[in-house]
Amino acid sequence: MCVIWGIPYLLIRVAVRDLDPAMLVFARTTIAAAVLLPIAVKRNELRPVLARWRPLLVFAAIEIAIPWLLLSSAERRLSSSFSGLMIAVVPLVGALIVREQLGTWSVGGLVLGFGGVVALVGLDLHGTSAIGLVEIAGVIVGYAFGPVVLSRHLSGLPAMGVIAAALGVTTIVYAPFAAFDVPSSMPSAKVVSSVIGLALVCTALAFIVFFALIAEVGPVRATVITYVNPAVAAALGVWLLSEKFTAGMGIGFALILVGSVLAARKPSEVVDVVSAGQAGLRAEA
């Protein structure tokens with residue numbers, strides 16, 4: 001899972017070279033929904049989900065439809081490694097959302113984590129885009145609120161049914177936009193492969209494996225992947241796309257990582273309440 005959900009940033013960066021963000025989101029969700037919806041139907045997991053269609057629409061919007069569009073657009077301006085590391089801020093924002101009272105450790109973690117953001121952005125200011133940063137901020141907020149909506153309004157529902165329905169809804173919403181974004185020529189083989197990889201591996205297979213992981217080790221231990229995904233994204237970007245790994249990225253990610261762990265600390269245990277969602281469901285979405 002650490003590898004599977006660290007890959008999307010690389011694939012998105014490649015795909016948006018030839019595809020508009022809306023078309024990319026449509027293609028990714030269409031293929032993934034075509035795989036997961038039949039599974040959800042066979043398991044009779046869609047009917048109870050559709051009964052709560054209002055929170056489902058909200059969840060689909062803030063966890064998939066909007067963040068995936070913003071992330072695709074941002075990666076036209078920012079490197080995949082930088083984008084992946086910025087998404088590591090999600091647990092910090094999640095801690096602010098779900099905690100009514102923050103203890104000393106949590107406050108310290110938040111300060112440390114957001115200090116990491118300052119280092120990540122500030123030390124690399126010459127290579128960043130203001131628009132891209134705003135778009136990434138929107139992704140972070142969406143990924144942080146998604147699990148909150150899930151836990152408060154969609155709890156107790158079959159996980160596969162929720163994510164399959166959310167992908168299906170997103171596909172329907174993006175269909176008219178994608179119709180006007182059809183490329184004038186066939187995208188390159190790398191782009192096509194990236195889209196297929198995003199849909200089949202990083203979305204459909206990812207959720208199947210993630211649900212199996214939760215069943216095996218439980219939702220709390222499964223969230224450990226949250227802290228490794230960004231490092232995988234950065235490593236792949238540097239290795240395969242020849243992106244530059246800067247001192248700001250190294251220092252910033254280290255501070256964000258430690259800050260996230262402390263911010264989610266409870267009196268006797270460390271629990272990650274909101275995971276960087278690259279996609280959605282958990283017990284972590």
# chains A, B, ... in the order shown; residues from 1 in each chain; ligands from 1
$ residues_around --residues "stretch 242-251 of chain A" --least-positions-apart "3" --cutoff "6 Å" --atoms "only C-alpha atoms" --output "list in words"
Ala119, Leu120, Leu123, Gly237, Val238, Trp239 and Ala254 of chain A
$ residues_around --residues "stretch 55-63 of chain A" --least-positions-apart "6" --cutoff "8 Å" --atoms "only C-alpha atoms" --output "PDB file with N, CA, C and O atoms, in the first residue's frame"
ATOM      1  N   VAL A  49     -25.851   2.024   0.690  1.00  0.00           N
ATOM      2  CA  VAL A  49     -25.083   3.253   0.468  1.00  0.00           C
ATOM      3  C   VAL A  49     -25.939   4.309  -0.217  1.00  0.00           C
ATOM      4  O   VAL A  49     -25.946   5.484   0.174  1.00  0.00           O
ATOM      5  N   GLY A 142      -9.639  18.966   1.357  1.00  0.00           N
ATOM      6  CA  GLY A 142     -10.595  17.937   0.956  1.00  0.00           C
ATOM      7  C   GLY A 142     -10.267  16.589   1.554  1.00  0.00           C
ATOM      8  O   GLY A 142     -11.138  15.913   2.114  1.00  0.00           O
ATOM      9  N   TYR A 143      -8.995  16.186   1.483  1.00  0.00           N
ATOM     10  CA  TYR A 143      -8.573  14.901   2.030  1.00  0.00           C
ATOM     11  C   TYR A 143      -8.734  14.852   3.550  1.00  0.00           C
ATOM     12  O   TYR A 143      -8.951  13.788   4.125  1.00  0.00           O
ATOM     13  N   PHE A 145     -11.124  16.565   5.317  1.00  0.00           N
ATOM     14  CA  PHE A 145     -12.545  16.552   5.670  1.00  0.00           C
ATOM     15  C   PHE A 145     -13.247  15.273   5.230  1.00  0.00           C
ATOM     16  O   PHE A 145     -14.257  14.883   5.827  1.00  0.00           O
ATOM     17  N   GLY A 146     -12.733  14.611   4.176  1.00  0.00           N
ATOM     18  CA  GLY A 146     -13.386  13.415   3.659  1.00  0.00           C
ATOM     19  C   GLY A 146     -13.638  12.340   4.707  1.00  0.00           C
ATOM     20  O   GLY A 146     -14.775  11.881   4.881  1.00  0.00           O
ATOM     21  N   VAL A 149     -16.469  13.272   7.166  1.00  0.00           N
ATOM     22  CA  VAL A 149     -17.809  13.028   6.622  1.00  0.00           C
ATOM     23  C   VAL A 149     -18.119  11.542   6.642  1.00  0.00           C
ATOM     24  O   VAL A 149     -19.221  11.117   6.995  1.00  0.00           O
ATOM     25  N   LEU A 150     -17.120  10.756   6.289  1.00  0.00           N
ATOM     26  CA  LEU A 150     -17.307   9.301   6.272  1.00  0.00           C
ATOM     27  C   LEU A 150     -17.656   8.762   7.650  1.00  0.00           C
ATOM     28  O   LEU A 150     -18.605   8.001   7.809  1.00  0.00           O
ATOM     29  N   HIS A 153     -21.223  10.418   8.927  1.00  0.00           N
ATOM     30  CA  HIS A 153     -22.467  10.281   8.172  1.00  0.00           C
ATOM     31  C   HIS A 153     -22.574   8.998   7.341  1.00  0.00           C
ATOM     32  O   HIS A 153     -23.665   8.673   6.863  1.00  0.00           O
ATOM     33  N   LEU A 154     -21.462   8.303   7.155  1.00  0.00           N
ATOM     34  CA  LEU A 154     -21.496   7.079   6.350  1.00  0.00           C
ATOM     35  C   LEU A 154     -20.952   5.882   7.112  1.00  0.00           C
ATOM     36  O   LEU A 154     -20.646   4.849   6.520  1.00  0.00           O
ATOM     37  N   VAL A 162     -19.343   2.169  -0.665  1.00  0.00           N
ATOM     38  CA  VAL A 162     -19.176   3.624  -0.585  1.00  0.00           C
ATOM     39  C   VAL A 162     -18.210   4.131  -1.655  1.00  0.00           C
ATOM     40  O   VAL A 162     -18.514   5.072  -2.386  1.00  0.00           O
ATOM     41  N   ALA A 165     -19.602   3.622  -5.277  1.00  0.00           N
ATOM     42  CA  ALA A 165     -20.655   4.592  -5.580  1.00  0.00           C
ATOM     43  C   ALA A 165     -20.071   5.985  -5.774  1.00  0.00           C
ATOM     44  O   ALA A 165     -20.477   6.729  -6.677  1.00  0.00           O
ATOM     45  N   ALA A 166     -19.099   6.355  -4.935  1.00  0.00           N
ATOM     46  CA  ALA A 166     -18.478   7.676  -5.047  1.00  0.00           C
ATOM     47  C   ALA A 166     -17.749   7.822  -6.372  1.00  0.00           C
ATOM     48  O   ALA A 166     -17.815   8.871  -7.025  1.00  0.00           O
ATOM     49  N   LEU A 167     -17.064   6.782  -6.800  1.00  0.00           N
ATOM     50  CA  LEU A 167     -16.389   6.816  -8.100  1.00  0.00           C
ATOM     51  C   LEU A 167     -17.398   6.908  -9.239  1.00  0.00           C
ATOM     52  O   LEU A 167     -17.193   7.639 -10.217  1.00  0.00           O
ATOM     53  N   VAL A 169     -20.442   8.208  -9.147  1.00  0.00           N
ATOM     54  CA  VAL A 169     -21.020   9.557  -9.153  1.00  0.00           C
ATOM     55  C   VAL A 169     -20.054  10.548  -9.789  1.00  0.00           C
ATOM     56  O   VAL A 169     -20.451  11.400 -10.600  1.00  0.00           O
ATOM     57  N   THR A 170     -18.782  10.443  -9.426  1.00  0.00           N
ATOM     58  CA  THR A 170     -17.780  11.351  -9.986  1.00  0.00           C
ATOM     59  C   THR A 170     -17.668  11.187 -11.496  1.00  0.00           C
ATOM     60  O   THR A 170     -17.535  12.176 -12.238  1.00  0.00           O
ATOM     61  N   GLY A 277      -5.411  10.932   1.930  1.00  0.00           N
ATOM     62  CA  GLY A 277      -6.362  10.151   1.249  1.00  0.00           C
ATOM     63  C   GLY A 277      -6.043   9.827  -0.107  1.00  0.00           C
ATOM     64  O   GLY A 277      -6.854   9.510  -0.802  1.00  0.00           O
ATOM     65  N   ALA A 279      -7.044   8.876  -1.904  1.00  0.00           N
ATOM     66  CA  ALA A 279      -8.211   8.371  -2.555  1.00  0.00           C
ATOM     67  C   ALA A 279      -9.325   8.239  -1.648  1.00  0.00           C
ATOM     68  O   ALA A 279     -10.347   8.143  -2.017  1.00  0.00           O
ATOM     69  N   GLY A 280      -9.406   7.996  -0.624  1.00  0.00           N
ATOM     70  CA  GLY A 280     -10.707   7.936  -0.129  1.00  0.00           C
ATOM     71  C   GLY A 280     -11.083   7.239   1.048  1.00  0.00           C
ATOM     72  O   GLY A 280     -11.300   7.842   2.032  1.00  0.00           O
TER      73      GLY A 280
END
$ residues_around --residues "stretch 29-43 of chain A" --least-positions-apart "5" --cutoff "8 Å" --atoms "only C-alpha atoms" --output "PyMOL selection string"
chain A and resi 160-161+164-165+167-168+170-171+196+199-200+203-204
$ write_last_selection --atoms "N, CA and C atoms" --output "PDB file, in the first residue's frame"
ATOM      1  N   MET A 160     -16.601  -1.001   0.374  1.00  0.00           N
ATOM      2  CA  MET A 160     -16.536  -1.158  -1.075  1.00  0.00           C
ATOM      3  C   MET A 160     -17.713  -0.468  -1.756  1.00  0.00           C
ATOM      4  N   GLY A 161     -18.869  -0.545  -1.151  1.00  0.00           N
ATOM      5  CA  GLY A 161     -20.049   0.106  -1.709  1.00  0.00           C
ATOM      6  C   GLY A 161     -19.901   1.611  -1.734  1.00  0.00           C
ATOM      7  N   ALA A 164     -17.137   2.615  -4.406  1.00  0.00           N
ATOM      8  CA  ALA A 164     -17.604   2.321  -5.764  1.00  0.00           C
ATOM      9  C   ALA A 164     -18.673   3.323  -6.181  1.00  0.00           C
ATOM     10  N   ALA A 165     -19.602   3.622  -5.277  1.00  0.00           N
ATOM     11  CA  ALA A 165     -20.655   4.592  -5.580  1.00  0.00           C
ATOM     12  C   ALA A 165     -20.071   5.985  -5.774  1.00  0.00           C
ATOM     13  N   LEU A 167     -17.064   6.782  -6.800  1.00  0.00           N
ATOM     14  CA  LEU A 167     -16.389   6.816  -8.100  1.00  0.00           C
ATOM     15  C   LEU A 167     -17.398   6.908  -9.239  1.00  0.00           C
ATOM     16  N   GLY A 168     -18.494   6.164  -9.123  1.00  0.00           N
ATOM     17  CA  GLY A 168     -19.528   6.206 -10.149  1.00  0.00           C
ATOM     18  C   GLY A 168     -20.154   7.578 -10.276  1.00  0.00           C
ATOM     19  N   THR A 170     -18.782  10.443  -9.426  1.00  0.00           N
ATOM     20  CA  THR A 170     -17.780  11.351  -9.986  1.00  0.00           C
ATOM     21  C   THR A 170     -17.668  11.187 -11.496  1.00  0.00           C
ATOM     22  N   THR A 171     -17.742   9.959 -11.968  1.00  0.00           N
ATOM     23  CA  THR A 171     -17.704   9.699 -13.407  1.00  0.00           C
ATOM     24  C   THR A 171     -18.854  10.399 -14.121  1.00  0.00           C
ATOM     25  N   ILE A 196      -4.153   4.209 -17.169  1.00  0.00           N
ATOM     26  CA  ILE A 196      -4.554   2.841 -16.820  1.00  0.00           C
ATOM     27  C   ILE A 196      -3.978   2.440 -15.471  1.00  0.00           C
ATOM     28  N   ALA A 199      -5.947   4.165 -12.690  1.00  0.00           N
ATOM     29  CA  ALA A 199      -7.287   3.609 -12.502  1.00  0.00           C
ATOM     30  C   ALA A 199      -7.263   2.200 -11.922  1.00  0.00           C
ATOM     31  N   LEU A 200      -6.468   1.328 -12.525  1.00  0.00           N
ATOM     32  CA  LEU A 200      -6.494  -0.079 -12.135  1.00  0.00           C
ATOM     33  C   LEU A 200      -5.655  -0.377 -10.900  1.00  0.00           C
ATOM     34  N   THR A 203      -6.181   2.921  -7.869  1.00  0.00           N
ATOM     35  CA  THR A 203      -7.548   3.150  -7.402  1.00  0.00           C
ATOM     36  C   THR A 203      -8.260   1.823  -7.140  1.00  0.00           C
ATOM     37  N   ALA A 204      -8.561   1.067  -8.184  1.00  0.00           N
ATOM     38  CA  ALA A 204      -9.326  -0.173  -8.007  1.00  0.00           C
ATOM     39  C   ALA A 204      -8.580  -1.187  -7.139  1.00  0.00           C
TER      40      ALA A 204
END
$ select_by_dssp --residues "stretch 62-91 of chain A" --states "helix (DSSP H, G or I)" --output "list in words"
Ile62, Glu63, Ile64, Ala65, Ile66, Pro67, Trp68, Leu69, Leu70, Leu71, Ser72, Ser73, Ala74, Ser80, Ser81, Phe82, Ser83, Gly84, Leu85, Met86, Ile87, Ala88, Val89, Val90 and Pro91 of chain A
$ atom_distance --atom1 "atom CA of A:Leu92" --atom2 "atom CA of A:Val217"
23.4 Å
$ residues_around --residues "A:Ala74" --least-positions-apart "2" --cutoff "8 Å" --atoms "only C-alpha atoms" --output "ChimeraX atom specification"
/A:70-72,76-78,83,131-133,135-136
$ residues_around --residues "A:Leu110" --least-positions-apart "2" --cutoff "10 Å" --atoms "only C-alpha atoms" --output "list of chain:residue names"
A:Val89, A:Pro91, A:Leu92, A:Val93, A:Ala95, A:Leu96, A:Leu102, A:Thr104, A:Trp105, A:Ser106, A:Val107, A:Gly108, A:Leu112, A:Gly113, A:Phe114, A:Gly115, A:Gly116, A:Leu255, A:Ile256, A:Val258, A:Gly259, A:Ser260, A:Val261, A:Leu262, A:Ala263, A:Ala264
$ atom_distance --atom1 "atom CA of A:Tyr9" --atom2 "atom CA of A:Thr128"
16.2 Å
$ closest_residue --among "A:Ala27, A:Gly6, A:Gly94, A:Trp53" --to "A:Leu157" --atoms "only C-alpha atoms"
A:Trp53
$ closest_residue --among "A:Ile214, A:Ala137, A:Val209, A:Val191" --to "A:Val14" --atoms "only C-alpha atoms"
A:Val191
$ atom_distance --atom1 "atom CA of A:Val192" --atom2 "atom CA of A:Leu85"
25.2 Å
$ closest_residue --among "A:Ile12, A:Cys202, A:Met1, A:Val232" --to "A:Trp68" --atoms "only C-alpha atoms"
A:Ile12
$ closest_residue --among "A:Ala179, A:Pro230, A:Pro8, A:Phe253" --to "A:Val118" --atoms "only C-alpha atoms"
A:Phe253
